[in-house]
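Peer 1: One file: protein.txt (compact mmCIF, C-alpha atoms).
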```
# COMPACT_ATOMS: atom_id res chain seq x y z
CA MET A 21 -58.49 -55.49 -151.79
CA ARG A 22 -58.26 -59.25 -151.44
CA GLU A 23 -54.98 -61.16 -151.37
CA GLU A 24 -54.98 -64.95 -151.24
CA LEU A 25 -51.49 -66.18 -150.37
CA PHE A 26 -50.70 -69.89 -150.56
CA MET A 27 -47.46 -71.14 -149.01
CA ALA A 28 -45.96 -74.63 -149.27
CA GLY A 29 -42.81 -76.41 -148.24
CA ILE A 30 -41.39 -79.13 -146.08
CA GLY A 31 -42.10 -79.29 -142.36
CA GLY A 32 -39.37 -77.44 -140.50
CA GLN A 33 -38.94 -74.70 -143.14
CA GLY A 34 -41.20 -72.31 -141.25
CA VAL A 35 -44.18 -72.35 -143.62
CA ASN A 36 -46.80 -72.04 -140.90
CA LEU A 37 -44.84 -69.52 -138.84
CA ALA A 38 -44.55 -67.41 -141.98
CA GLY A 39 -48.29 -67.73 -142.56
CA GLN A 40 -49.10 -66.69 -139.01
CA LEU A 41 -46.72 -63.77 -139.39
CA ILE A 42 -48.43 -62.48 -142.54
CA GLY A 43 -51.79 -62.89 -140.80
CA ARG A 44 -50.60 -60.87 -137.78
CA ALA A 45 -49.17 -58.15 -140.01
CA GLY A 46 -52.48 -58.01 -141.89
CA MET A 47 -54.45 -57.65 -138.67
CA ASN A 48 -52.09 -54.87 -137.58
CA LEU A 49 -53.00 -53.09 -140.83
CA GLY A 50 -56.71 -53.39 -140.04
CA LEU A 51 -57.40 -56.13 -142.58
CA SER A 52 -59.67 -59.12 -142.10
CA VAL A 53 -57.53 -62.25 -142.06
CA SER A 54 -57.86 -66.01 -142.15
CA TRP A 55 -55.03 -68.50 -141.85
CA VAL A 56 -55.56 -72.18 -142.63
CA PRO A 57 -52.57 -74.47 -142.00
CA ILE A 58 -52.34 -78.03 -143.28
CA TYR A 59 -49.43 -80.26 -142.37
CA SER A 60 -48.57 -83.93 -142.30
CA PRO A 61 -47.99 -85.65 -138.95
CA GLU A 62 -44.19 -85.80 -139.26
CA VAL A 63 -42.39 -83.29 -137.06
CA ARG A 64 -39.89 -82.51 -139.82
CA GLY A 65 -39.77 -83.51 -143.46
CA GLY A 66 -43.48 -83.90 -144.19
CA SER A 67 -45.50 -81.54 -146.33
CA SER A 68 -46.67 -78.24 -144.90
CA THR A 69 -49.00 -75.71 -146.52
CA CYS A 70 -51.10 -72.78 -145.46
CA THR A 71 -53.48 -70.32 -147.03
CA ILE A 72 -53.71 -66.76 -145.78
CA VAL A 73 -56.57 -64.55 -146.98
CA LEU A 74 -56.17 -60.81 -146.41
CA THR A 75 -59.02 -58.47 -147.28
CA ASP A 76 -60.40 -55.06 -146.43
CA GLY A 77 -63.87 -56.62 -146.51
CA ARG A 78 -65.23 -59.91 -145.21
CA VAL A 79 -63.11 -63.01 -145.67
CA GLY A 80 -65.97 -65.20 -146.89
CA SER A 81 -64.01 -68.34 -147.75
CA PRO A 82 -60.77 -69.02 -145.87
CA THR A 83 -59.44 -71.21 -148.67
CA SER A 84 -58.48 -70.51 -152.25
CA GLU A 85 -58.62 -72.63 -155.39
CA ARG A 86 -56.66 -70.01 -157.38
CA PRO A 87 -54.46 -67.92 -155.06
CA THR A 88 -53.26 -64.48 -156.11
CA SER A 89 -49.76 -65.23 -154.83
CA MET A 90 -47.63 -68.14 -153.68
CA VAL A 91 -44.45 -68.77 -151.74
CA LEU A 92 -43.03 -72.18 -152.64
CA MET A 93 -40.07 -73.40 -150.62
CA ASP A 94 -39.05 -76.74 -152.16
CA PRO A 95 -39.07 -78.60 -155.51
CA LYS A 96 -42.04 -80.85 -154.68
CA SER A 97 -44.18 -77.84 -153.75
CA VAL A 98 -43.29 -76.11 -157.01
CA ALA A 99 -44.13 -79.20 -159.08
CA THR A 100 -47.40 -79.74 -157.22
CA PHE A 101 -48.81 -76.24 -156.84
CA ILE A 102 -47.42 -73.70 -159.33
CA GLY A 103 -50.26 -74.22 -161.81
CA ARG A 104 -52.83 -73.02 -159.27
CA VAL A 105 -51.85 -69.33 -159.15
CA ILE A 106 -54.15 -66.92 -160.99
CA GLU A 107 -53.10 -65.27 -164.22
CA GLY A 108 -51.02 -62.23 -163.32
CA GLY A 109 -50.27 -63.68 -159.88
CA LEU A 110 -46.90 -63.73 -158.15
CA VAL A 111 -44.95 -66.90 -157.32
CA VAL A 112 -41.91 -66.60 -155.05
CA ILE A 113 -39.65 -69.66 -155.27
CA ASN A 114 -36.65 -70.68 -153.19
CA SER A 115 -34.04 -70.88 -155.96
CA SER A 116 -31.50 -72.40 -153.59
CA LEU A 117 -33.52 -75.61 -153.89
CA VAL A 118 -35.24 -75.07 -157.26
CA ARG A 119 -32.54 -74.16 -159.76
CA GLU A 120 -34.66 -73.29 -162.81
CA ALA A 121 -37.76 -71.15 -162.98
CA PRO A 122 -40.59 -73.47 -163.96
CA PRO A 123 -43.04 -72.54 -166.68
CA CYS A 124 -45.92 -70.51 -165.32
CA ASP A 125 -48.28 -69.16 -167.96
CA GLY A 126 -49.26 -65.59 -167.21
CA CYS A 127 -47.69 -65.33 -163.75
CA ARG A 128 -44.67 -63.48 -162.37
CA VAL A 129 -41.99 -65.72 -160.92
CA LEU A 130 -39.43 -64.39 -158.44
CA MET A 131 -36.49 -66.70 -157.87
CA VAL A 132 -34.99 -65.97 -154.43
CA PRO A 133 -31.88 -67.85 -153.23
CA ALA A 134 -33.28 -68.01 -149.70
CA ASN A 135 -30.98 -70.70 -148.30
CA ASP A 136 -27.97 -68.84 -149.69
CA ILE A 137 -29.17 -65.59 -148.14
CA ALA A 138 -29.66 -67.31 -144.79
CA ALA A 139 -26.15 -68.80 -145.01
CA GLU A 140 -24.63 -65.38 -145.78
CA ILE A 141 -26.47 -63.90 -142.81
CA GLY A 142 -25.29 -66.79 -140.66
CA ASN A 143 -28.72 -67.95 -139.50
CA ALA A 144 -30.28 -70.93 -141.30
CA ARG A 145 -33.66 -70.19 -139.71
CA THR A 146 -34.13 -67.02 -141.81
CA VAL A 147 -34.91 -68.82 -145.09
CA ASN A 148 -38.63 -68.12 -144.75
CA MET A 149 -37.98 -64.45 -143.97
CA ALA A 150 -36.03 -63.96 -147.22
CA LEU A 151 -39.00 -65.37 -149.13
CA LEU A 152 -41.50 -63.24 -147.21
CA GLY A 153 -39.46 -60.12 -147.90
CA ALA A 154 -39.66 -60.85 -151.63
CA TRP A 155 -43.40 -61.53 -151.36
CA ALA A 156 -44.04 -58.27 -149.48
CA ALA A 157 -42.07 -56.17 -151.96
CA GLY A 158 -43.50 -58.09 -154.92
CA THR A 159 -47.15 -57.64 -153.96
CA ASP A 160 -47.22 -54.30 -152.12
CA VAL A 161 -49.91 -55.74 -149.83
CA MET A 162 -47.74 -54.76 -146.85
CA SER A 163 -44.26 -53.42 -146.31
CA VAL A 164 -41.21 -55.28 -145.07
CA ALA A 165 -41.41 -53.04 -141.99
CA ASP A 166 -44.98 -54.27 -141.38
CA VAL A 167 -43.76 -57.87 -141.49
CA ALA A 168 -40.79 -57.13 -139.19
CA ARG A 169 -43.06 -55.34 -136.70
CA ALA A 170 -45.42 -58.32 -136.58
CA LEU A 171 -42.48 -60.70 -136.10
CA ARG A 172 -41.22 -58.68 -133.15
CA GLU A 173 -44.72 -58.90 -131.61
CA MET A 174 -44.98 -62.66 -132.21
CA LEU A 175 -41.55 -63.73 -131.05
CA PRO A 176 -41.01 -64.31 -127.36
CA GLU A 177 -38.66 -61.72 -125.87
CA ARG A 178 -35.85 -64.28 -125.55
CA HIS A 179 -35.79 -64.64 -129.36
CA HIS A 180 -35.55 -60.91 -130.08
CA VAL A 181 -31.79 -61.39 -130.26
CA HIS A 182 -32.46 -62.91 -133.73
CA MET A 183 -34.40 -59.90 -135.02
CA PRO A 184 -31.40 -58.33 -136.83
CA ASP A 185 -30.88 -61.55 -138.80
CA ASN A 186 -34.60 -61.81 -139.61
CA GLU A 187 -34.77 -58.17 -140.68
CA ALA A 188 -31.67 -58.59 -142.85
CA ALA A 189 -33.23 -61.62 -144.57
CA LEU A 190 -36.53 -59.79 -145.11
CA GLU A 191 -34.68 -56.87 -146.68
CA ARG A 192 -32.48 -59.07 -148.90
CA GLY A 193 -35.58 -60.82 -150.27
CA ALA A 194 -37.26 -57.47 -150.82
CA GLU A 195 -34.21 -56.17 -152.72
CA ILE A 196 -34.48 -59.07 -155.15
CA ALA A 197 -38.17 -58.32 -155.74
CA ARG A 198 -37.53 -54.60 -156.24
CA ALA A 199 -34.71 -55.31 -158.72
CA ALA A 200 -37.02 -57.58 -160.75
CA ARG A 201 -39.64 -54.87 -161.36
```
Give the structure from the file, written as structure tokens.

Peer 2:
Amino acid sequence: MREELFMAGIGGQGVNLAGQLIGRAGMNLGLSVSWVPIYSPEVRGGSSTCTIVLTDGRVGSPTSERPTSMVLMDPKSVATFIGRVIEGGLVVINSSLVREAPPCDGCRVLMVPANDIAAEIGNARTVNMALLGAWAAGTDVMSVADVARALREMLPERHHVHMPDNEAALERGAEIARAAR
């Protein structure tokens, strides 16, 4: 098994936290993991990407020219990166910011209204969790419970009060992915 996940968005959307989270969950599952973040120098508003490689063998290369899946959080990321996913790959898109599914020859596109989900939950910081829930359910690389467990381990104790909101967002994203199958 080898999963190459590429994530992209705007700084402040939680792209790199989400990447670290998937890496931690993968390690918890006994997988070999690499996580390569790239971000512009702006604190908020600049571009932010990361590549996470999960494998039951050796990682080899920590980067990917043609990822097997993507999570794209904003219109610019969709326009720039969607053509890179492999044929048959999964692309999860934040449909709160990208209204129409873009053309993607031979790939599966999941449109997830992540900002809307976060607003319904009442916690704007759960946008990335809604997208990760859809990715987890859409790829079957790991379960939503695996992601939630890793988040609980990563978050400082003082932030555990937000776990119910994060878990709700993960599950809502997963529901959308399950319904699309």

Peer 1: Go through A:Asp94, A:Glu120, A:Glu24, A:Glu85 one by one, measure the shortest atom-to-atom distance of each to Asn148 (chain A) using all atoms listed in the file, and give the residue with the smallest value.

Peer 2: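 Under the stated criterion, the closest residue is A:Asp94.
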
Peer 1: Compare A:Leu130, A:Leu171, A:Val73, A:Val105 by their minimum atom-to-atom distance to Ser54 (chain A), counting all atoms listed in the file, and give me the closest one.

Peer 2: A:Val73

Peer 1: Hey, what's within 8 Å of region 164-166 of chain A if we count all atoms listed in the file and toss same-chain stuff fewer than 2 positions away? As a ChimeraX atom specification, please?

Peer 2: /A:45,153,156-157,162,168-170,190-191,194

Peer 1: With all atoms listed in the file as the atoms that count, which of A:Ala99, A:Val132, A:Ile196, A:Met90 lies nearest to Val111 (chain A)?

Peer 2: A:Met90

Peer 1: Neighbouring residues of Gly108 (chain A) were defined as those with any atom within 10 Å, considering all atoms listed in the file; residues of the same chain fewer than 6 positions away were excluded. Please report them as a list in words.

Peer 2: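 Contacts, in chain order: Thr88, Ser89, Cys124, Asp125, Gly126, Cys127, Arg128 and Val129 of chain A.
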
Peer 1: I'd like the contact shell of Ser84 (chain A) - 12 Å cut-off, all atoms listed in the file, skipping same-chain residues fewer than 3 positions apart - returned as an NGL selection string.

Peer 2: :A and (22-27 or 54-56 or 70-74 or 79-81 or 87-90 or 104-106)

Peer 1: Using only C-alpha atoms, determine which residues lie at most 10 Å from Arg172 (chain A), disregarding the query and same-chain residues fewer than 6 positions distant; provide the list as a list in words.

Peer 2: Leu41, His179, His180, His182, Met183, Asn186 and Glu187 of chain A

Peer 1: Which one of A:Asp160, A:Glu140, A:Glu173, A:Glu62 sits closest to Ala189 (chain A) if you count all atoms listed in the file?

Peer 2: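 The shortest atom-to-atom distance to Ala189 (chain A) comes from A:Glu140.
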
Peer 1: Give me the box for region 135-149 of chain A as lines of an AutoDock Vina configuration file, namely the centre and edge lengths in Å to one decimal of a box along x, y and z that holds every listed atom plus 6 Å on each side.

Peer 2:
```
center_x = -31.6
center_y = -67.4
center_z = -144.6
size_x = 26.0
size_y = 19.0
size_z = 22.2
```

Peer 1: Can you measure CA of Met93 (chain A) to CA of Ile58 (chain A) for me? One decimal in Å is fine.

Peer 2: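 Taking CA of Met93 (chain A) as the start and CA of Ile58 (chain A) as the end point, the length is 15.0 Å.
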